[in-house]
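This is model07.tsv. It holds TSV, C-alpha atoms.
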```
chain	number	residue	atom	x	y	z
A	1	MET	CA	-4.58	-36.35	64.56
A	2	GLY	CA	-3.86	-33.02	66.22
A	3	GLN	CA	-1.78	-30.18	64.87
A	4	PRO	CA	1.98	-30.68	65.32
A	5	ILE	CA	3.91	-28.00	67.16
A	6	ILE	CA	7.28	-29.80	67.31
A	7	GLU	CA	8.60	-31.96	64.49
A	8	ILE	CA	11.92	-33.74	64.87
A	9	GLN	CA	12.88	-35.13	61.48
A	10	ASP	CA	15.73	-37.65	61.17
A	11	VAL	CA	17.86	-35.85	63.76
A	12	SER	CA	21.32	-37.15	64.65
A	13	LYS	CA	23.85	-35.62	67.04
A	14	THR	CA	27.49	-36.70	67.24
A	15	PHE	CA	30.02	-35.35	69.72
A	16	GLY	CA	33.68	-35.56	68.73
A	17	ALA	CA	35.12	-37.24	65.67
A	18	GLY	CA	36.92	-40.36	64.56
A	19	GLY	CA	37.31	-43.27	66.92
A	20	GLY	CA	36.32	-41.17	69.93
A	21	ALA	CA	33.03	-39.95	68.46
A	22	VAL	CA	29.92	-40.35	70.60
A	23	HIS	CA	26.65	-40.80	68.71
A	24	ALA	CA	24.19	-39.31	71.21
A	25	LEU	CA	21.25	-39.37	68.78
A	26	GLU	CA	20.81	-41.44	65.65
A	27	HIS	CA	18.07	-40.64	63.12
A	28	VAL	CA	15.45	-39.63	65.70
A	29	SER	CA	12.03	-38.65	64.37
A	30	LEU	CA	9.00	-37.73	66.47
A	31	THR	CA	6.08	-35.32	66.51
A	32	VAL	CA	4.61	-33.44	69.48
A	33	GLU	CA	1.05	-32.23	69.03
A	34	ARG	CA	-0.02	-28.74	70.04
A	35	GLY	CA	-1.44	-28.57	73.56
A	36	GLU	CA	-0.32	-32.00	74.75
A	37	ILE	CA	2.05	-33.08	77.48
A	38	PHE	CA	4.70	-35.24	75.83
A	39	GLY	CA	7.12	-37.40	77.80
A	40	ILE	CA	10.58	-38.50	76.66
A	41	ILE	CA	11.88	-41.29	78.86
A	42	GLY	CA	14.94	-43.50	78.95
A	43	LEU	CA	17.74	-44.73	81.15
A	44	SER	CA	20.88	-42.67	81.81
A	45	GLY	CA	22.83	-42.10	78.60
A	46	ALA	CA	19.83	-42.73	76.35
A	47	GLY	CA	20.13	-39.27	74.74
A	48	LYS	CA	17.13	-37.61	76.41
A	49	SER	CA	18.79	-34.35	77.44
A	50	THR	CA	20.61	-34.05	74.12
A	51	LEU	CA	17.28	-34.43	72.32
A	52	VAL	CA	15.51	-31.76	74.34
A	53	ARG	CA	18.43	-29.37	73.84
A	54	CYS	CA	18.17	-29.99	70.10
A	55	MET	CA	14.54	-28.88	70.28
A	56	ASN	CA	15.58	-25.28	70.93
A	57	LEU	CA	19.01	-25.63	69.29
A	58	LEU	CA	21.02	-25.22	72.48
A	59	GLU	CA	22.63	-28.19	70.78
A	60	ARG	CA	22.68	-27.99	66.99
A	61	PRO	CA	21.95	-31.37	65.38
A	62	THR	CA	24.71	-32.89	63.28
A	63	GLU	CA	22.00	-33.66	60.73
A	64	GLY	CA	18.24	-33.52	60.44
A	65	ARG	CA	15.57	-30.85	60.83
A	66	VAL	CA	13.88	-29.30	63.89
A	67	ILE	CA	10.59	-27.49	63.28
A	68	VAL	CA	8.87	-25.65	66.14
A	69	ASP	CA	5.58	-23.81	65.72
A	70	GLY	CA	5.92	-23.86	61.95
A	71	ARG	CA	9.50	-22.53	61.81
A	72	GLU	CA	12.48	-24.66	60.87
A	73	LEU	CA	14.96	-23.72	63.58
A	74	THR	CA	17.82	-25.55	61.89
A	75	ALA	CA	17.51	-23.17	58.90
A	76	LEU	CA	17.43	-19.87	60.84
A	77	ARG	CA	20.18	-17.28	61.17
A	78	LYS	CA	21.39	-16.39	64.69
A	79	GLN	CA	19.14	-13.33	65.05
A	80	GLU	CA	16.12	-15.21	63.73
A	81	LEU	CA	16.87	-18.12	66.07
A	82	ARG	CA	17.03	-15.81	69.11
A	83	GLN	CA	13.61	-14.46	68.15
A	84	ALA	CA	12.16	-17.94	67.64
A	85	ARG	CA	13.45	-19.13	71.02
A	86	ARG	CA	11.13	-16.67	72.78
A	87	SER	CA	8.31	-19.12	72.07
A	88	ILE	CA	10.22	-21.95	73.80
A	89	GLY	CA	10.59	-21.87	77.59
A	90	MET	CA	12.92	-24.25	79.42
A	91	ILE	CA	13.31	-25.41	83.00
A	92	PHE	CA	16.16	-27.49	84.39
A	93	GLN	CA	16.85	-29.97	87.16
A	94	SER	CA	19.21	-27.51	88.90
A	95	PHE	CA	16.77	-24.55	88.61
A	96	ASN	CA	19.48	-22.23	87.14
A	97	LEU	CA	18.33	-19.21	89.17
A	98	LEU	CA	20.47	-16.10	89.62
A	99	MET	CA	21.36	-16.23	93.31
A	100	GLN	CA	21.91	-12.47	93.67
A	101	ARG	CA	18.41	-11.71	92.36
A	102	THR	CA	15.08	-11.99	94.16
A	103	ALA	CA	12.38	-14.35	92.92
A	104	LEU	CA	10.67	-11.45	91.14
A	105	ASP	CA	13.91	-10.26	89.54
A	106	ASN	CA	14.62	-13.79	88.32
A	107	VAL	CA	11.21	-13.95	86.64
A	108	THR	CA	11.60	-10.55	85.00
A	109	PHE	CA	15.11	-11.25	83.70
A	110	PRO	CA	14.00	-12.65	80.28
A	111	LEU	CA	11.73	-9.64	79.83
A	112	GLU	CA	14.57	-7.24	80.52
A	113	LEU	CA	16.66	-8.97	77.86
A	114	VAL	CA	14.02	-8.29	75.20
A	115	GLY	CA	13.56	-4.64	76.18
A	116	VAL	CA	10.33	-4.70	78.20
A	117	SER	CA	10.06	-1.68	80.54
A	118	ARG	CA	10.86	-2.26	84.20
A	119	ASP	CA	7.34	-1.42	85.41
A	120	GLU	CA	5.68	-3.67	82.83
A	121	ALA	CA	8.15	-6.50	83.51
A	122	ARG	CA	7.60	-6.35	87.28
A	123	LYS	CA	3.83	-6.27	86.85
A	124	LYS	CA	3.93	-9.37	84.71
A	125	GLY	CA	6.48	-11.02	87.00
A	126	ARG	CA	4.18	-10.62	90.00
A	127	GLN	CA	1.27	-12.09	88.02
A	128	LEU	CA	3.38	-15.10	87.09
A	129	LEU	CA	4.50	-15.65	90.67
A	130	GLU	CA	0.82	-15.64	91.66
A	131	THR	CA	0.16	-18.17	88.90
A	132	VAL	CA	2.75	-20.60	90.31
A	133	GLY	CA	1.63	-20.05	93.93
A	134	LEU	CA	4.46	-17.79	95.09
A	135	GLY	CA	2.79	-14.39	95.16
A	136	ASP	CA	4.02	-13.81	98.71
A	137	ARG	CA	7.66	-14.71	97.96
A	138	ALA	CA	8.47	-12.08	95.35
A	139	ASP	CA	11.21	-10.47	97.46
A	140	ALA	CA	12.82	-13.71	98.63
A	141	TYR	CA	16.24	-14.75	97.31
A	142	PRO	CA	16.83	-18.30	96.03
A	143	ALA	CA	18.80	-19.18	99.19
A	144	GLN	CA	15.62	-18.48	101.19
A	145	LEU	CA	13.47	-20.82	99.09
A	146	SER	CA	12.89	-24.57	99.20
A	147	GLY	CA	13.67	-26.75	96.21
A	148	GLY	CA	10.06	-26.83	95.13
A	149	GLN	CA	9.75	-23.05	95.45
A	150	LYS	CA	12.91	-22.56	93.38
A	151	GLN	CA	11.44	-24.73	90.64
A	152	ARG	CA	8.23	-22.73	90.73
A	153	VAL	CA	10.24	-19.54	90.25
A	154	ALA	CA	12.04	-21.22	87.34
A	155	ILE	CA	8.69	-22.17	85.80
A	156	ALA	CA	7.40	-18.61	86.20
A	157	ARG	CA	10.57	-17.32	84.53
A	158	ALA	CA	10.15	-19.78	81.65
A	159	LEU	CA	6.60	-18.49	81.12
A	160	ALA	CA	7.63	-14.83	81.07
A	161	THR	CA	7.85	-14.59	77.27
A	162	ASP	CA	4.51	-16.36	76.74
A	163	PRO	CA	6.04	-19.49	75.17
A	164	ALA	CA	4.03	-21.94	73.11
A	165	VAL	CA	6.27	-24.77	74.32
A	166	LEU	CA	7.74	-25.50	77.76
A	167	LEU	CA	10.70	-27.91	77.81
A	168	CYS	CA	11.37	-29.61	81.15
A	169	ASP	CA	14.75	-31.36	81.46
A	170	GLU	CA	14.51	-33.67	84.50
A	171	ALA	CA	12.64	-30.84	86.23
A	172	THR	CA	11.60	-32.96	89.23
A	173	SER	CA	14.68	-35.18	89.67
A	174	ALA	CA	16.13	-33.06	92.48
A	175	LEU	CA	12.85	-32.92	94.43
A	176	ASP	CA	11.31	-35.16	97.07
A	177	PRO	CA	8.24	-37.24	96.10
A	178	THR	CA	5.66	-34.90	97.62
A	179	THR	CA	7.18	-31.81	96.02
A	180	THR	CA	7.50	-33.69	92.72
A	181	LEU	CA	3.75	-34.34	92.70
A	182	SER	CA	3.00	-30.68	93.39
A	183	ILE	CA	5.24	-29.54	90.51
A	184	LEU	CA	3.68	-32.10	88.15
A	185	GLU	CA	0.21	-30.92	89.10
A	186	LEU	CA	1.30	-27.33	88.46
A	187	LEU	CA	2.57	-28.25	84.98
A	188	LYS	CA	-0.69	-30.07	84.30
A	189	GLU	CA	-2.67	-27.01	85.39
A	190	LEU	CA	-0.58	-24.66	83.23
A	191	ASN	CA	-1.08	-26.97	80.26
A	192	ARG	CA	-4.83	-26.93	80.81
A	193	LYS	CA	-5.26	-23.21	81.58
A	194	LEU	CA	-2.66	-21.64	79.29
A	195	GLY	CA	-2.68	-24.21	76.51
A	196	VAL	CA	1.12	-24.40	76.63
A	197	THR	CA	2.60	-27.58	75.16
A	198	VAL	CA	4.83	-29.35	77.69
A	199	VAL	CA	7.72	-31.69	76.87
A	200	ILE	CA	9.03	-33.60	79.89
A	201	ILE	CA	12.39	-35.37	79.94
A	202	THR	CA	12.55	-37.99	82.68
A	203	HIS	CA	13.91	-41.40	83.66
A	204	GLU	CA	10.87	-42.13	85.86
A	205	MET	CA	7.83	-43.85	84.39
A	206	LYS	CA	5.75	-42.54	87.30
A	207	VAL	CA	6.23	-38.99	86.01
A	208	VAL	CA	5.00	-40.03	82.56
A	209	GLU	CA	2.03	-41.92	83.99
A	210	ARG	CA	1.05	-38.98	86.15
A	211	ILE	CA	0.56	-36.27	83.53
A	212	CYS	CA	1.71	-37.19	80.00
A	213	HIS	CA	-0.58	-37.85	77.06
A	214	SER	CA	2.07	-39.33	74.76
A	215	VAL	CA	5.56	-40.72	75.29
A	216	ALA	CA	8.69	-41.65	73.35
A	217	ILE	CA	11.12	-44.18	74.81
A	218	LEU	CA	14.77	-43.55	73.97
A	219	SER	CA	17.47	-46.20	74.13
A	220	GLY	CA	21.01	-45.80	72.88
A	221	GLY	CA	20.19	-42.60	71.02
A	222	VAL	CA	17.28	-44.04	69.03
A	223	VAL	CA	13.52	-44.06	69.56
A	224	ALA	CA	12.67	-47.59	70.71
A	225	GLU	CA	8.92	-46.96	70.66
A	226	GLN	CA	6.43	-44.12	70.96
A	227	GLY	CA	2.68	-43.62	71.27
A	228	ARG	CA	-0.10	-42.75	73.68
A	229	VAL	CA	0.86	-43.41	77.28
A	230	GLU	CA	-1.95	-45.88	77.88
A	231	ASP	CA	-0.96	-47.86	74.79
A	232	ILE	CA	2.70	-48.07	75.82
A	233	PHE	CA	1.72	-49.04	79.35
A	234	THR	CA	-0.70	-51.76	78.34
A	235	ASN	CA	1.44	-53.20	75.57
A	236	PRO	CA	5.14	-52.26	75.60
A	237	ARG	CA	6.63	-53.75	72.45
A	238	THR	CA	10.35	-53.55	73.24
A	239	GLU	CA	12.59	-54.87	75.99
A	240	ILE	CA	13.48	-51.33	77.15
A	241	GLY	CA	9.77	-50.48	77.15
A	242	ARG	CA	8.98	-53.45	79.37
A	243	GLN	CA	11.91	-52.59	81.62
A	244	LEU	CA	10.61	-49.06	82.17
A	245	VAL	CA	6.94	-49.99	82.50
A	246	TYR	CA	7.59	-52.99	84.77
A	247	PRO	CA	10.81	-52.09	86.64
A	248	ASP	CA	9.95	-54.44	89.52
A	249	GLY	CA	8.17	-57.01	87.39
A	250	VAL	CA	8.30	-60.75	87.79
A	251	ARG	CA	11.33	-62.34	86.18
A	252	LEU	CA	10.02	-64.70	83.55
A	253	ASP	CA	12.86	-67.15	83.95
A	254	GLU	CA	11.73	-67.70	87.54
A	255	LEU	CA	8.10	-68.43	86.71
A	256	MET	CA	6.83	-71.95	87.17
A	257	ALA	CA	4.79	-71.97	83.97
A	258	SER	CA	5.51	-73.10	80.43
A	259	ARG	CA	3.28	-70.43	78.85
A	260	VAL	CA	2.69	-66.94	80.21
A	261	VAL	CA	0.32	-64.23	78.96
A	262	ARG	CA	0.14	-60.60	79.97
A	263	ILE	CA	-3.32	-59.09	80.02
A	264	ALA	CA	-4.04	-55.39	80.37
A	265	PHE	CA	-7.33	-53.67	81.11
A	266	THR	CA	-8.48	-50.07	80.87
A	267	GLY	CA	-10.82	-49.91	83.84
A	268	GLY	CA	-13.70	-51.72	82.15
A	269	SER	CA	-12.59	-55.06	83.63
A	270	SER	CA	-11.40	-56.20	87.01
A	271	TYR	CA	-9.15	-59.05	88.05
A	272	GLU	CA	-11.35	-61.23	90.23
A	273	PRO	CA	-14.51	-61.45	88.01
A	274	LEU	CA	-12.30	-62.12	85.00
A	275	ILE	CA	-10.48	-65.05	86.59
A	276	ALA	CA	-13.69	-66.39	88.12
A	277	SER	CA	-15.43	-66.20	84.74
A	278	LEU	CA	-12.51	-67.96	83.07
A	279	VAL	CA	-12.83	-70.86	85.49
A	280	MET	CA	-16.63	-71.09	85.33
A	281	ASP	CA	-17.13	-70.48	81.59
A	282	CYS	CA	-14.15	-72.43	80.27
A	283	GLY	CA	-13.34	-74.80	83.08
A	284	VAL	CA	-9.72	-73.65	82.87
A	285	LYS	CA	-7.57	-72.86	85.86
A	286	VAL	CA	-4.72	-70.36	85.57
A	287	ASN	CA	-2.09	-69.11	87.97
A	288	ILE	CA	-1.82	-65.39	88.78
A	289	LEU	CA	1.93	-64.72	88.64
A	290	GLY	CA	1.87	-60.96	89.12
A	291	ALA	CA	-0.49	-57.99	88.99
A	292	ASP	CA	-0.27	-54.21	88.97
A	293	THR	CA	-2.68	-51.26	88.70
A	294	ARG	CA	-1.84	-47.63	87.93
A	295	ASP	CA	-3.55	-44.30	87.42
A	296	ILE	CA	-2.74	-42.74	84.04
A	297	ASP	CA	-4.21	-39.31	83.34
A	298	GLY	CA	-7.04	-39.99	85.78
A	299	LYS	CA	-7.94	-43.41	84.35
A	300	ALA	CA	-7.34	-46.81	85.92
A	301	PHE	CA	-5.10	-49.21	84.01
A	302	GLY	CA	-3.95	-52.61	85.14
A	303	THR	CA	-1.84	-55.53	84.01
A	304	MET	CA	-1.60	-59.13	85.13
A	305	LEU	CA	0.67	-62.05	84.29
A	306	LEU	CA	-1.09	-65.41	84.03
A	307	GLY	CA	0.49	-68.84	83.89
A	308	LEU	CA	-1.51	-71.01	81.48
A	309	PRO	CA	-2.23	-74.74	81.90
A	310	GLU	CA	0.29	-77.25	80.55
A	311	ASP	CA	-2.37	-78.82	78.33
A	312	PRO	CA	-2.20	-77.04	74.91
A	313	ALA	CA	-5.96	-77.32	74.32
A	314	GLU	CA	-6.80	-75.80	77.70
A	315	ALA	CA	-4.22	-73.04	77.20
A	316	ALA	CA	-5.63	-72.21	73.76
A	317	ARG	CA	-9.17	-72.14	75.18
A	318	ALA	CA	-8.08	-69.73	77.92
A	319	VAL	CA	-6.34	-67.39	75.43
A	320	LYS	CA	-9.37	-67.39	73.11
A	321	TYR	CA	-11.68	-66.55	76.01
A	322	LEU	CA	-9.44	-63.71	77.23
A	323	GLN	CA	-9.18	-62.27	73.72
A	324	SER	CA	-12.97	-62.16	73.45
A	325	GLN	CA	-13.35	-59.89	76.50
A	326	PRO	CA	-13.97	-56.14	76.02
A	327	ASN	CA	-11.48	-53.50	77.26
A	328	LEU	CA	-8.78	-56.15	77.45
A	329	THR	CA	-5.56	-56.77	75.54
A	330	VAL	CA	-3.80	-60.13	75.62
A	331	GLU	CA	-0.15	-60.76	74.76
A	332	GLU	CA	1.78	-63.98	75.07
A	333	VAL	CA	5.10	-63.29	76.79
A	334	PRO	CA	8.05	-65.04	75.16
A	335	GLN	CA	10.24	-66.91	77.60
A	336	LYS	CA	13.97	-67.24	77.17
```
Once more with this new file: its structure as structure tokens, please.
Amino acid sequence: MGQPIIEIQDVSKTFGAGGGAVHALEHVSLTVERGEIFGIIGLSGAGKSTLVRCMNLLERPTEGRVIVDGRELTALRKQELRQARRSIGMIFQSFNLLMQRTALDNVTFPLELVGVSRDEARKKGRQLLETVGLGDRADAYPAQLSGGQKQRVAIARALATDPAVLLCDEATSALDPTTTLSILELLKELNRKLGVTVVIITHEMKVVERICHSVAILSGGVVAEQGRVEDIFTNPRTEIGRQLVYPDGVRLDELMASRVVRIAFTGGSSYEPLIASLVMDCGVKVNILGADTRDIDGKAFGTMLLGLPEDPAEAARAVKYLQSQPNLTVEEVPQK
């Protein structure tokens, strides 16, 4: 286990009161380890943005504790909280840039607020713009920048106070696919070079697959499941997990098979030799109902749905054979 940098302990958040109360979060607990990229994913209304805003107390939890970098934010006075927030950067879907300020002036704004001299702030601002690939756009105003460039300025601004944690609330949702990939690669590079811990709020599993080490799935204000990305991908344990991992998956009620298993491999196996071996070694024929491969943190992962034979003995023999294979997980899929 690594060292935790964010600890969310039994956090709930309720908006309003009485019959009109909205329970955005209910008893959420999770831990983010120092130096990792942690994804929080869920459908609209799952409570993702409320949770990330509780991490820096832009939203104060109704109950529970929030501990960041060893300090319990929920126990701090206002002045102490302002100080603690310097170690937490945040970027937003809408960029939140000051339109009347140049890119450089946007980056230096947080430094001005904490009393850094103008010359020192501008020197650091230019270094940060170089870091995010915008060294030549220091004097440009937001209206003169593309969406991806605006987000890079926002990232540079978030890094101005040397944060230990960078919170990203749907930071790529307003960007086209190509620009999204470039921003994700930038965040991955910053995580690697600066050691900054990154928390990404998203509704897209592709974002999580691309750069995250761990993930928590939110549904209805509660954590449905959490773990390493490869574990969640290869074996989602909840219905919402399966819905997010396999958004275009085969509908089980349409499959022409009485028993279905999902197998997942981690790059040490491949589809064709596995199926061929199953036929030759066991004399069992199965139907391939669906298959998918993905790249997660530079490693190949794949899943496949197999329809087993009607004969119980043959089906059991096939499952036993599959379970004996290395780098493979096997799960029988319940059918409604």
Contacts of region 175-189 of chain A within 8 Å, all atoms listed in the file, excl. fewer than 2 positions in-chain, as a count of residues only | 15
Quick one: of A:Gly302, A:Leu98, A:Gln93, A:Ala121, who's nearest to Ala174 (chain A), counting all atoms listed in the file?
-> A:Gln93
Of the candidates A:Asp139, A:Asp162, A:Glu26, A:Asp105, which shows the shortest atom-to-atom distance to Ile88 (chain A), using all atoms listed in the file?
-> A:Asp162
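The shortest atom-to-atom distance to Ser49 (chain A), with all atoms listed in the file taken into account, belongs to A:His203 out of A:His203, A:Arg82, A:Arg101, A:Arg34.
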Interatomic distance (Å, one decimal) between CA of Ala315 (chain A) and CA of Gly290 (chain A) = 18.0 Å
Tell me, as JSON, numbers by chain, which residues lie within 9 Å of region 228-244 of chain A, counting all atoms listed in the file; anything in the same chain fewer than 3 positions away does not count.
-> {"A": [39, 41, 42, 43, 203, 204, 205, 208, 209, 212, 213, 214, 215, 216, 217, 218, 219, 224, 225, 247, 248, 249, 262, 263, 264, 265, 266, 296, 297, 301, 302, 303, 329, 330, 331]}
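The residue that comes closest to Glu36 (chain A), out of A:Val223, A:Met280, A:Gly2, A:Val116 and on the basis of only C-alpha atoms, is A:Gly2.
Non-sequential neighbours of Val107 (chain A) (distance at most 7 Å, separation of 6 or more positions within a chain, all atoms listed in the file) are Gly125, Val153, Ala156, Arg157 and Ala160 of chain A.
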Pairwise distance for CA of Pro4 (chain A) and CA of Glu80 (chain A), rounded to one decimal in Å | 21.0 Å
Distance query 12 Å from (-12.3, -76.0, 85.2) using all atoms listed in the file, result as JSON, numbers by chain | {"A": [275, 276, 277, 278, 279, 280, 281, 282, 283, 284, 285, 286, 309, 314, 315, 317, 318]}
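Taking all atoms listed in the file into account, Leu166 (chain A) lies nearest to A:Phe38 out of the set A:Leu274, A:Val28, A:Phe38, A:Glu332.
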Grab the CA of Thr102 (chain A) to CA of Cys168 (chain A) distance for me, in Å with one decimal place.
-> 22.2 Å
Would you mind listing what lies within 12 Å of Asp136 (chain A) as a PyMOL selection string, with only C-alpha atoms counted and same-chain residues fewer than 3 positions away left out?
-> chain A and resi 103-104+126-133+139-140+145+149+153
As JSON, what would the box around region 160-175 of chain A look like: edges along x, y and z, 4 Å added on every side, centre and edge lengths in Å to one decimal?
```
{"center_x": 10.1, "center_y": -24.9, "center_z": 83.8, "size_x": 20.1, "size_y": 28.6, "size_z": 29.3}
```
